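Chemist: I have a structure here, written as structure tokens, and I will follow up with some questions on it.
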Amino acid sequence: MTKSDERPGAELWVPEHADLSELRHAAEECRGCELWEDATQVVFSRGAATAPMMIIGEQPGDREDLTGEPFVGPAGRMLMEAASAADLLEDDLYVTNAVKHFRFERRGKRRIHDKPAVGHIVACHPWLEAEAEIVQPEVIVALGATAARAVLGRTVKIGEVRGTVLEPPAGCVSPVVVTAHPSSILRVRDSADREAAFDALVDDLRTAADLVTR
Ligand code: URA
Ligand code: SF4
């Protein structure tokens with residue numbers, strides 16, 4: 001079997017002319033790649049179709065996989081803290097992920113996060129496209145390299161593009177701000193460096209918030 005046979009992509013499962021709740025429901029059935037097999041459940045998104053800012057993470061983590069909610073673990077807590085420091089309200093945000101099932105490796109009883117491959121990002125992209133079409137955010141924030149790859153369709157270096165306002169990618173109306181993923185900030189050992197990285201995340205969220213008019 002070729003790779004594309006193994007990963008037909010999510011397109012077959014994405015309903016046309018759907019609203020967000022129909023989309024969420026349909027994603028439970030998705031078999032667009034193999035990641036559904038070992039995950040507990042699909043983790044779709046949080047937020048209303050009226051939210052002016054769409055924030056995209058990488059994939060659900062362990063806690064998200066178990067609860068079915070995005071960004072409820074440590075990275076999520078940091079993200080919400082940073083959003084609040086940038087004067088963003090919960091209602092301003094539509095929060096989702098580039099890949100909707102948890103990819104991990106088993107080590108004994110532990111499940112260790114495993115980065116999604118480009119093939120997973122591509123397979124899951126139809127969901128992201130459908131979400132962006134419904135929400136029509138005024139700005140998209142991509143957290144980290146995987147989200148940036150998903151939104152922009154190309155690989156970028158976070159250090160080179162972060163905090164700048166990028167043109168809407170093909171087929172999209174929303175400008176994009178790329179920033180660091182909160183998980184990478186949690187991994188910074190030195191506390192002064194970690195604080196600086198957190199402040200930089202807040203700055204980037206402010207840059208994105210400045211594009212919001214509603
Ligand atoms: N990290 C992500 O990228 N997404 C989540 O939902 C949780 C952690
Ligand atoms: Fe479908 Fe995405 Fe889950 Fe793969 S990761 S099965 S494409 S929802």
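Residue numbers start at 1 in each chain; chains themselves are named A, B, ... in the order of the structure tokens; ligands are numbered from 1 in the order shown.
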Let me have all residues with an atom within 7 Å of ligand 2, counting only C-alpha atoms and all ligand atoms, laid out as a PDB file with all heavy atoms, in the first residue's frame.

Modeler:
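File result.pdb, as written:
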ATOM      1  N   GLY A   9      -6.770  11.014   4.003  1.00  0.00           N
ATOM      2  CA  GLY A   9      -7.021  12.419   4.335  1.00  0.00           C
ATOM      3  C   GLY A   9      -8.448  12.582   4.819  1.00  0.00           C
ATOM      4  O   GLY A   9      -9.321  11.746   4.553  1.00  0.00           O
ATOM      5  N   ALA A  10      -8.683  13.669   5.530  1.00  0.00           N
ATOM      6  CA  ALA A  10      -9.961  13.861   6.215  1.00  0.00           C
ATOM      7  C   ALA A  10     -11.103  14.261   5.281  1.00  0.00           C
ATOM      8  O   ALA A  10     -12.272  14.185   5.666  1.00  0.00           O
ATOM      9  CB  ALA A  10      -9.794  14.915   7.309  1.00  0.00           C
ATOM     10  N   ALA A  27     -16.280  14.824  12.957  1.00  0.00           N
ATOM     11  CA  ALA A  27     -14.860  14.500  13.188  1.00  0.00           C
ATOM     12  C   ALA A  27     -14.688  13.243  14.038  1.00  0.00           C
ATOM     13  O   ALA A  27     -13.650  12.575  13.976  1.00  0.00           O
ATOM     14  CB  ALA A  27     -14.152  15.685  13.841  1.00  0.00           C
ATOM     15  N   CYS A  30     -13.849  10.408  11.823  1.00  0.00           N
ATOM     16  CA  CYS A  30     -12.768  10.561  10.854  1.00  0.00           C
ATOM     17  C   CYS A  30     -11.772   9.406  10.909  1.00  0.00           C
ATOM     18  O   CYS A  30     -11.304   8.995  11.965  1.00  0.00           O
ATOM     19  CB  CYS A  30     -12.028  11.888  11.058  1.00  0.00           C
ATOM     20  SG  CYS A  30     -10.806  12.191   9.753  1.00  0.00           S
ATOM     21  N   ARG A  31     -11.450   8.897   9.729  1.00  0.00           N
ATOM     22  CA  ARG A  31     -10.427   7.855   9.580  1.00  0.00           C
ATOM     23  C   ARG A  31      -9.423   8.296   8.519  1.00  0.00           C
ATOM     24  O   ARG A  31      -8.892   7.485   7.771  1.00  0.00           O
ATOM     25  CB  ARG A  31     -11.085   6.524   9.144  1.00  0.00           C
ATOM     26  CG  ARG A  31     -12.213   6.029  10.070  1.00  0.00           C
ATOM     27  CD  ARG A  31     -11.638   5.577  11.419  1.00  0.00           C
ATOM     28  NE  ARG A  31     -12.655   5.066  12.337  1.00  0.00           N
ATOM     29  CZ  ARG A  31     -13.178   5.754  13.349  1.00  0.00           C
ATOM     30  NH1 ARG A  31     -12.842   7.020  13.556  1.00  0.00           N
ATOM     31  NH2 ARG A  31     -14.046   5.186  14.164  1.00  0.00           N
ATOM     32  N   GLY A  32      -9.211   9.606   8.458  1.00  0.00           N
ATOM     33  CA  GLY A  32      -8.371  10.188   7.411  1.00  0.00           C
ATOM     34  C   GLY A  32      -6.896   9.826   7.511  1.00  0.00           C
ATOM     35  O   GLY A  32      -6.143   9.966   6.562  1.00  0.00           O
ATOM     36  N   CYS A  33      -6.461   9.413   8.684  1.00  0.00           N
ATOM     37  CA  CYS A  33      -5.124   8.856   8.860  1.00  0.00           C
ATOM     38  C   CYS A  33      -5.226   7.844   9.993  1.00  0.00           C
ATOM     39  O   CYS A  33      -6.299   7.618  10.542  1.00  0.00           O
ATOM     40  CB  CYS A  33      -4.098   9.955   9.175  1.00  0.00           C
ATOM     41  SG  CYS A  33      -4.201  10.628  10.848  1.00  0.00           S
ATOM     42  N   GLU A  34      -4.106   7.242  10.356  1.00  0.00           N
ATOM     43  CA  GLU A  34      -4.157   6.133  11.318  1.00  0.00           C
ATOM     44  C   GLU A  34      -4.195   6.584  12.782  1.00  0.00           C
ATOM     45  O   GLU A  34      -4.347   5.763  13.685  1.00  0.00           O
ATOM     46  CB  GLU A  34      -2.981   5.180  11.080  1.00  0.00           C
ATOM     47  CG  GLU A  34      -1.619   5.644  11.603  1.00  0.00           C
ATOM     48  CD  GLU A  34      -0.963   6.768  10.789  1.00  0.00           C
ATOM     49  OE1 GLU A  34      -1.597   7.287   9.838  1.00  0.00           O
ATOM     50  OE2 GLU A  34       0.179   7.137  11.129  1.00  0.00           O
ATOM     51  N   LEU A  35      -4.085   7.890  13.021  1.00  0.00           N
ATOM     52  CA  LEU A  35      -3.936   8.330  14.419  1.00  0.00           C
ATOM     53  C   LEU A  35      -5.166   8.065  15.291  1.00  0.00           C
ATOM     54  O   LEU A  35      -5.060   7.972  16.512  1.00  0.00           O
ATOM     55  CB  LEU A  35      -3.558   9.821  14.478  1.00  0.00           C
ATOM     56  CG  LEU A  35      -2.175  10.182  13.932  1.00  0.00           C
ATOM     57  CD1 LEU A  35      -1.900  11.666  14.114  1.00  0.00           C
ATOM     58  CD2 LEU A  35      -1.083   9.349  14.587  1.00  0.00           C
ATOM     59  N   TRP A  36      -6.331   7.911  14.696  1.00  0.00           N
ATOM     60  CA  TRP A  36      -7.544   7.645  15.484  1.00  0.00           C
ATOM     61  C   TRP A  36      -7.458   6.300  16.199  1.00  0.00           C
ATOM     62  O   TRP A  36      -8.064   6.100  17.247  1.00  0.00           O
ATOM     63  CB  TRP A  36      -8.791   7.676  14.600  1.00  0.00           C
ATOM     64  CG  TRP A  36      -8.829   6.542  13.624  1.00  0.00           C
ATOM     65  CD1 TRP A  36      -8.264   6.504  12.394  1.00  0.00           C
ATOM     66  CD2 TRP A  36      -9.434   5.253  13.826  1.00  0.00           C
ATOM     67  NE1 TRP A  36      -8.471   5.282  11.808  1.00  0.00           N
ATOM     68  CE2 TRP A  36      -9.193   4.495  12.671  1.00  0.00           C
ATOM     69  CE3 TRP A  36     -10.162   4.680  14.876  1.00  0.00           C
ATOM     70  CZ2 TRP A  36      -9.648   3.187  12.528  1.00  0.00           C
ATOM     71  CZ3 TRP A  36     -10.619   3.365  14.727  1.00  0.00           C
ATOM     72  CH2 TRP A  36     -10.353   2.638  13.561  1.00  0.00           C
ATOM     73  N   VAL A  42     -11.380  11.879  19.364  1.00  0.00           N
ATOM     74  CA  VAL A  42     -10.974  13.072  18.637  1.00  0.00           C
ATOM     75  C   VAL A  42     -11.060  14.265  19.592  1.00  0.00           C
ATOM     76  O   VAL A  42     -11.908  14.297  20.486  1.00  0.00           O
ATOM     77  CB  VAL A  42     -11.864  13.285  17.380  1.00  0.00           C
ATOM     78  CG1 VAL A  42     -13.263  13.783  17.757  1.00  0.00           C
ATOM     79  CG2 VAL A  42     -11.214  14.261  16.397  1.00  0.00           C
ATOM     80  N   VAL A  99      -3.661  18.972  14.137  1.00  0.00           N
ATOM     81  CA  VAL A  99      -3.965  17.537  14.051  1.00  0.00           C
ATOM     82  C   VAL A  99      -4.897  17.193  15.214  1.00  0.00           C
ATOM     83  O   VAL A  99      -4.647  17.604  16.344  1.00  0.00           O
ATOM     84  CB  VAL A  99      -2.657  16.699  14.106  1.00  0.00           C
ATOM     85  CG1 VAL A  99      -2.951  15.217  14.210  1.00  0.00           C
ATOM     86  CG2 VAL A  99      -1.796  16.990  12.876  1.00  0.00           C
ATOM     87  N   LYS A 100      -5.951  16.458  14.929  1.00  0.00           N
ATOM     88  CA  LYS A 100      -7.023  16.309  15.928  1.00  0.00           C
ATOM     89  C   LYS A 100      -6.993  15.030  16.749  1.00  0.00           C
ATOM     90  O   LYS A 100      -7.853  14.808  17.597  1.00  0.00           O
ATOM     91  CB  LYS A 100      -8.375  16.445  15.240  1.00  0.00           C
ATOM     92  CG  LYS A 100      -8.904  17.882  15.240  1.00  0.00           C
ATOM     93  CD  LYS A 100      -8.689  18.720  14.190  1.00  0.00           C
ATOM     94  CE  LYS A 100      -9.352  20.053  14.183  1.00  0.00           C
ATOM     95  NZ  LYS A 100      -8.473  21.041  13.564  1.00  0.00           N
ATOM     96  N   HIS A 101      -6.049  14.159  16.487  1.00  0.00           N
ATOM     97  CA  HIS A 101      -5.879  12.991  17.356  1.00  0.00           C
ATOM     98  C   HIS A 101      -4.465  12.993  17.957  1.00  0.00           C
ATOM     99  O   HIS A 101      -3.509  13.422  17.311  1.00  0.00           O
ATOM    100  CB  HIS A 101      -6.105  11.685  16.585  1.00  0.00           C
ATOM    101  CG  HIS A 101      -7.550  11.286  16.437  1.00  0.00           C
ATOM    102  ND1 HIS A 101      -8.265  11.495  15.276  1.00  0.00           N
ATOM    103  CD2 HIS A 101      -8.409  10.702  17.314  1.00  0.00           C
ATOM    104  CE1 HIS A 101      -9.514  11.028  15.443  1.00  0.00           C
ATOM    105  NE2 HIS A 101      -9.617  10.549  16.670  1.00  0.00           N
ATOM    106  N   HIS A 120       0.484  13.568   8.552  1.00  0.00           N
ATOM    107  CA  HIS A 120      -0.673  13.741   9.438  1.00  0.00           C
ATOM    108  C   HIS A 120      -1.230  15.164   9.326  1.00  0.00           C
ATOM    109  O   HIS A 120      -2.443  15.370   9.357  1.00  0.00           O
ATOM    110  CB  HIS A 120      -0.290  13.451  10.894  1.00  0.00           C
ATOM    111  CG  HIS A 120       0.224  12.068  11.122  1.00  0.00           C
ATOM    112  ND1 HIS A 120       1.472  11.809  11.628  1.00  0.00           N
ATOM    113  CD2 HIS A 120      -0.336  10.864  10.861  1.00  0.00           C
ATOM    114  CE1 HIS A 120       1.660  10.500  11.702  1.00  0.00           C
ATOM    115  NE2 HIS A 120       0.576   9.906  11.229  1.00  0.00           N
ATOM    116  N   ALA A 123      -3.096  15.281   6.094  1.00  0.00           N
ATOM    117  CA  ALA A 123      -4.335  14.482   6.170  1.00  0.00           C
ATOM    118  C   ALA A 123      -5.419  15.212   6.955  1.00  0.00           C
ATOM    119  O   ALA A 123      -6.601  15.167   6.616  1.00  0.00           O
ATOM    120  CB  ALA A 123      -4.036  13.128   6.803  1.00  0.00           C
ATOM    121  N   CYS A 124      -5.022  15.909   8.011  1.00  0.00           N
ATOM    122  CA  CYS A 124      -5.994  16.550   8.899  1.00  0.00           C
ATOM    123  C   CYS A 124      -6.387  17.951   8.433  1.00  0.00           C
ATOM    124  O   CYS A 124      -7.321  18.552   8.984  1.00  0.00           O
ATOM    125  CB  CYS A 124      -5.412  16.603  10.314  1.00  0.00           C
ATOM    126  SG  CYS A 124      -6.646  16.405  11.596  1.00  0.00           S
TER     127      CYS A 124
END

Chemist: Mind dumping a table of every chain A residue within 12 Å of ligand 1, with the nearest atom pair and its distance in Å to one decimal, using only C-alpha atoms and all ligand atoms, sorted by chain and rising number, as a tab-separated table?

Modeler:
residue	atom	partner	partner_atom_place_in_ligand_line	distance
A:Val42	CA	ligand 1	6 (O)	10.8
A:Val43	CA	ligand 1	6 (O)	7.5
A:Phe44	CA	ligand 1	6 (O)	8.6
A:Ser45	CA	ligand 1	6 (O)	8.2
A:Arg46	CA	ligand 1	6 (O)	9.6
A:Ile55	CA	ligand 1	3 (O)	9.8
A:Ile56	CA	ligand 1	3 (O)	7.3
A:Gly57	CA	ligand 1	3 (O)	3.6
A:Glu58	CA	ligand 1	3 (O)	3.6
A:Gln59	CA	ligand 1	3 (O)	4.5
A:Pro60	CA	ligand 1	6 (O)	3.9
A:Gly61	CA	ligand 1	7 (C)	4.9
A:Asp62	CA	ligand 1	7 (C)	8.1
A:Arg63	CA	ligand 1	7 (C)	7.8
A:Glu64	CA	ligand 1	6 (O)	5.9
A:Asp65	CA	ligand 1	6 (O)	8.5
A:Leu66	CA	ligand 1	6 (O)	11.2
A:Thr67	CA	ligand 1	6 (O)	10.5
A:Gly68	CA	ligand 1	6 (O)	9.2
A:Glu69	CA	ligand 1	6 (O)	7.1
A:Pro70	CA	ligand 1	6 (O)	3.7
A:Phe71	CA	ligand 1	6 (O)	3.8
A:Val72	CA	ligand 1	7 (C)	6.6
A:Gly73	CA	ligand 1	7 (C)	6.3
A:Pro74	CA	ligand 1	8 (C)	7.6
A:Ala75	CA	ligand 1	8 (C)	5.3
A:Gly76	CA	ligand 1	7 (C)	5.8
A:Arg77	CA	ligand 1	8 (C)	9.3
A:Met78	CA	ligand 1	8 (C)	9.9
A:Leu79	CA	ligand 1	8 (C)	9.2
A:Met80	CA	ligand 1	7 (C)	11.4
A:Tyr94	CA	ligand 1	6 (O)	11.9
A:Val95	CA	ligand 1	6 (O)	8.1
A:Thr96	CA	ligand 1	6 (O)	6.8
A:Asn97	CA	ligand 1	4 (N)	5.7
A:Ala98	CA	ligand 1	3 (O)	7.9
A:Val99	CA	ligand 1	3 (O)	8.6
A:Lys100	CA	ligand 1	6 (O)	8.5
A:His101	CA	ligand 1	6 (O)	9.6
A:Phe102	CA	ligand 1	6 (O)	9.0
A:Arg103	CA	ligand 1	2 (C)	11.3
A:His113	CA	ligand 1	1 (N)	9.8
A:Asp114	CA	ligand 1	1 (N)	11.5
A:Lys115	CA	ligand 1	3 (O)	9.9
A:Pro116	CA	ligand 1	3 (O)	10.5
A:Ala142	CA	ligand 1	3 (O)	9.7
A:Leu143	CA	ligand 1	3 (O)	7.3
A:Gly144	CA	ligand 1	3 (O)	8.2
A:Ala145	CA	ligand 1	3 (O)	10.3
A:Thr146	CA	ligand 1	3 (O)	8.7
A:Ala147	CA	ligand 1	3 (O)	8.1
A:Ala148	CA	ligand 1	3 (O)	11.5
A:Ala180	CA	ligand 1	3 (O)	10.6
A:His181	CA	ligand 1	3 (O)	7.1
A:Pro182	CA	ligand 1	1 (N)	7.6
A:Ser183	CA	ligand 1	1 (N)	6.7
A:Ser184	CA	ligand 1	1 (N)	9.9
A:Ile185	CA	ligand 1	1 (N)	11.7
A:Leu186	CA	ligand 1	1 (N)	11.2

Chemist: Using only C-alpha atoms, determine which residues lie at most 6 Å from A:Val141, disregarding the query and same-chain residues fewer than 5 positions distant; provide the list as an MDAnalysis selection string.

Modeler: chainID A and resid 55 176:178

Chemist: Please dump the current selection as a PDB file, in the first residue's frame; keep N, CA, C and O atoms.

Modeler:
ATOM      1  N   ILE A  55      -6.795  30.420  17.247  1.00  0.00           N
ATOM      2  CA  ILE A  55      -5.480  29.996  17.716  1.00  0.00           C
ATOM      3  C   ILE A  55      -5.308  28.510  17.411  1.00  0.00           C
ATOM      4  O   ILE A  55      -6.156  27.696  17.774  1.00  0.00           O
ATOM      5  N   VAL A 176      -1.850  35.927   9.336  1.00  0.00           N
ATOM      6  CA  VAL A 176      -1.346  34.917  10.276  1.00  0.00           C
ATOM      7  C   VAL A 176      -0.206  35.492  11.112  1.00  0.00           C
ATOM      8  O   VAL A 176       0.681  36.168  10.582  1.00  0.00           O
ATOM      9  N   VAL A 177      -0.251  35.256  12.401  1.00  0.00           N
ATOM     10  CA  VAL A 177       0.878  35.563  13.284  1.00  0.00           C
ATOM     11  C   VAL A 177       1.392  34.236  13.850  1.00  0.00           C
ATOM     12  O   VAL A 177       0.631  33.468  14.439  1.00  0.00           O
ATOM     13  N   VAL A 178       2.665  33.974  13.620  1.00  0.00           N
ATOM     14  CA  VAL A 178       3.281  32.747  14.141  1.00  0.00           C
ATOM     15  C   VAL A 178       3.992  33.085  15.445  1.00  0.00           C
ATOM     16  O   VAL A 178       4.621  34.136  15.568  1.00  0.00           O
TER      17      VAL A 178
END

Chemist: Please provide as JSON, numbers by chain all residues within 9 Å of A:Arg214, with the sequence filter that same-chain residues fewer than 6 positions apart are discarded (counting only C-alpha atoms).

Modeler: {"A": [51, 52, 138]}

Chemist: Using DSSP on the backbone coordinates, identify all residues within stretch 100-187 of chain A classified as strand (DSSP E); present the result as a ChimeraX atom specification.

Modeler: /A:104-107,110-113,139-143,165-166,176-179

Chemist: Dump all heavy atoms for the selected residues as a compact mmCIF listing (two decimals), in the first residue's frame?

Modeler:
# COMPACT_ATOMS: atom_id res chain seq x y z
N PHE A 104 1.28 9.41 20.02
CA PHE A 104 2.16 9.13 21.16
C PHE A 104 2.86 7.79 20.99
O PHE A 104 2.49 6.98 20.14
CB PHE A 104 1.34 9.12 22.46
CG PHE A 104 0.25 8.08 22.48
CD1 PHE A 104 0.48 6.82 22.99
CD2 PHE A 104 -1.00 8.38 21.95
CE1 PHE A 104 -0.52 5.86 22.99
CE2 PHE A 104 -2.01 7.42 21.94
CZ PHE A 104 -1.78 6.16 22.46
N GLU A 105 3.87 7.61 21.84
CA GLU A 105 4.56 6.32 21.92
C GLU A 105 4.32 5.78 23.31
O GLU A 105 4.38 6.53 24.27
CB GLU A 105 6.07 6.58 21.80
CG GLU A 105 6.69 6.15 20.52
CD GLU A 105 8.17 6.51 20.55
OE1 GLU A 105 8.88 6.06 21.47
OE2 GLU A 105 8.57 7.30 19.66
N ARG A 106 4.11 4.49 23.41
CA ARG A 106 3.95 3.90 24.73
C ARG A 106 5.30 3.53 25.32
O ARG A 106 6.10 2.88 24.66
CB ARG A 106 3.10 2.64 24.64
CG ARG A 106 1.64 2.90 24.81
CD ARG A 106 0.84 1.62 24.81
NE ARG A 106 -0.47 1.87 24.23
CZ ARG A 106 -1.44 2.52 24.84
NH1 ARG A 106 -1.26 2.98 26.07
NH2 ARG A 106 -2.58 2.74 24.23
N ARG A 107 5.55 3.97 26.55
CA ARG A 107 6.74 3.50 27.28
C ARG A 107 6.25 2.98 28.61
O ARG A 107 5.96 3.76 29.51
CB ARG A 107 7.74 4.63 27.49
CG ARG A 107 8.39 4.96 26.20
CD ARG A 107 9.82 5.39 26.29
NE ARG A 107 10.04 6.20 25.09
CZ ARG A 107 10.35 7.48 25.10
NH1 ARG A 107 10.56 8.10 26.23
NH2 ARG A 107 10.49 8.13 23.97
N ARG A 110 3.39 4.73 30.45
CA ARG A 110 3.34 6.14 30.06
C ARG A 110 3.09 6.29 28.57
O ARG A 110 3.49 5.45 27.76
CB ARG A 110 4.66 6.82 30.44
CG ARG A 110 4.89 6.76 31.95
CD ARG A 110 5.54 7.99 32.47
NE ARG A 110 6.81 8.29 31.84
CZ ARG A 110 7.29 9.52 31.73
NH1 ARG A 110 6.60 10.55 32.17
NH2 ARG A 110 8.47 9.72 31.16
N ARG A 111 2.45 7.37 28.22
CA ARG A 111 2.25 7.71 26.82
C ARG A 111 3.06 8.97 26.55
O ARG A 111 2.80 10.03 27.11
CB ARG A 111 0.76 7.96 26.52
CG ARG A 111 -0.12 6.77 26.91
CD ARG A 111 -1.52 6.91 26.37
NE ARG A 111 -2.19 8.12 26.80
CZ ARG A 111 -3.35 8.55 26.31
NH1 ARG A 111 -3.96 7.86 25.35
NH2 ARG A 111 -3.90 9.65 26.75
N ILE A 112 4.06 8.85 25.70
CA ILE A 112 4.96 9.97 25.43
C ILE A 112 4.56 10.63 24.12
O ILE A 112 4.47 9.98 23.08
CB ILE A 112 6.43 9.49 25.33
CG1 ILE A 112 6.81 8.60 26.52
CG2 ILE A 112 7.38 10.67 25.17
CD1 ILE A 112 6.87 9.29 27.86
N HIS A 113 4.34 11.93 24.19
CA HIS A 113 3.98 12.75 23.04
C HIS A 113 4.93 12.49 21.87
O HIS A 113 6.15 12.45 22.03
CB HIS A 113 4.04 14.22 23.47
CG HIS A 113 4.04 15.20 22.34
ND1 HIS A 113 5.18 15.55 21.65
CD2 HIS A 113 3.05 15.89 21.77
CE1 HIS A 113 4.87 16.42 20.71
NE2 HIS A 113 3.58 16.66 20.77
N VAL A 139 -7.86 37.19 12.50
CA VAL A 139 -6.44 36.83 12.56
C VAL A 139 -6.30 35.38 13.03
O VAL A 139 -7.11 34.89 13.82
CB VAL A 139 -5.66 37.80 13.49
CG1 VAL A 139 -6.21 37.80 14.90
CG2 VAL A 139 -4.16 37.48 13.52
N ILE A 140 -5.30 34.71 12.48
CA ILE A 140 -4.97 33.34 12.90
C ILE A 140 -3.63 33.38 13.62
O ILE A 140 -2.67 33.97 13.13
CB ILE A 140 -4.87 32.40 11.68
CG1 ILE A 140 -6.25 32.24 11.02
CG2 ILE A 140 -4.31 31.04 12.09
CD1 ILE A 140 -6.22 31.41 9.74
N VAL A 141 -3.56 32.76 14.79
CA VAL A 141 -2.29 32.63 15.51
C VAL A 141 -1.85 31.17 15.44
O VAL A 141 -2.60 30.27 15.84
CB VAL A 141 -2.42 33.07 16.98
CG1 VAL A 141 -1.12 32.80 17.74
CG2 VAL A 141 -2.78 34.55 17.07
N ALA A 142 -0.66 30.93 14.89
CA ALA A 142 -0.12 29.58 14.82
C ALA A 142 0.90 29.40 15.92
O ALA A 142 1.89 30.13 15.99
CB ALA A 142 0.52 29.34 13.45
N LEU A 143 0.66 28.42 16.79
CA LEU A 143 1.58 28.15 17.90
C LEU A 143 2.57 27.08 17.49
O LEU A 143 2.22 25.90 17.39
CB LEU A 143 0.80 27.65 19.12
CG LEU A 143 -0.31 28.55 19.69
CD1 LEU A 143 -1.08 27.79 20.78
CD2 LEU A 143 0.26 29.84 20.25
N VAL A 165 3.30 40.02 11.08
CA VAL A 165 1.99 39.72 10.49
C VAL A 165 2.22 39.22 9.07
O VAL A 165 2.75 39.94 8.23
CB VAL A 165 1.09 40.97 10.49
CG1 VAL A 165 -0.26 40.65 9.85
CG2 VAL A 165 0.89 41.48 11.92
N LEU A 166 1.85 37.96 8.83
CA LEU A 166 2.05 37.35 7.51
C LEU A 166 0.77 37.42 6.69
O LEU A 166 -0.34 37.34 7.24
CB LEU A 166 2.49 35.89 7.67
CG LEU A 166 3.73 35.65 8.54
CD1 LEU A 166 3.94 34.16 8.80
CD2 LEU A 166 4.97 36.26 7.89
N VAL A 176 -1.85 35.93 9.34
CA VAL A 176 -1.35 34.92 10.28
C VAL A 176 -0.21 35.49 11.11
O VAL A 176 0.68 36.17 10.58
CB VAL A 176 -0.82 33.68 9.49
CG1 VAL A 176 -0.23 32.65 10.45
CG2 VAL A 176 -1.93 33.07 8.64
N VAL A 177 -0.25 35.26 12.40
CA VAL A 177 0.88 35.56 13.28
C VAL A 177 1.39 34.24 13.85
O VAL A 177 0.63 33.47 14.44
CB VAL A 177 0.46 36.52 14.43
CG1 VAL A 177 1.60 36.71 15.42
CG2 VAL A 177 0.01 37.86 13.88
N VAL A 178 2.66 33.97 13.62
CA VAL A 178 3.28 32.75 14.14
C VAL A 178 3.99 33.09 15.45
O VAL A 178 4.62 34.14 15.57
CB VAL A 178 4.30 32.19 13.12
CG1 VAL A 178 5.05 30.99 13.68
CG2 VAL A 178 3.61 31.81 11.81
N THR A 179 3.87 32.21 16.41
CA THR A 179 4.60 32.40 17.66
C THR A 179 5.08 31.04 18.20
O THR A 179 4.85 30.02 17.56
CB THR A 179 3.75 33.17 18.71
OG1 THR A 179 4.57 33.48 19.83
CG2 THR A 179 2.55 32.37 19.17

Chemist: Just list as a ChimeraX atom specification whatever in stretch 24-193 of chain A DSSP marks as helix (DSSP H, G or I).

Modeler: /A:24-27,34-36,62-67,74-85,90-92,118-135,144-152,158-161,182-186,191-193

Chemist: At what distance in Å, to one decimal, does atom CA of A:Val156 lie from atom CA of A:Gly119?

Modeler: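 It comes out at 16.8 Å.
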
Chemist: Go through A:Val14, A:Ala82, A:Ala49, A:Val122 and flag the residue nearest A:Glu195, using only C-alpha atoms for the distances.

Modeler: A:Ala82

Chemist: Between A:Ala130, A:Ala209, A:Leu89, A:Val151, single out the one closest to A:Glu16, counting only C-alpha atoms.

Modeler: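 With only C-alpha atoms as the atom set, the closest residue is A:Ala130.
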
Chemist: Pick out the closest residue to A:Arg24 from this set: A:Pro175, A:Asp204, A:Met54, A:Gly47. Count only C-alpha atoms.

Modeler: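 Using only C-alpha atoms, A:Arg24 sits closest to A:Gly47.
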
Chemist: When you draw a straight line from atom CA of A:Trp13 to atom CA of A:Ala170, how long is it in Å?

Modeler: 22.5 Å
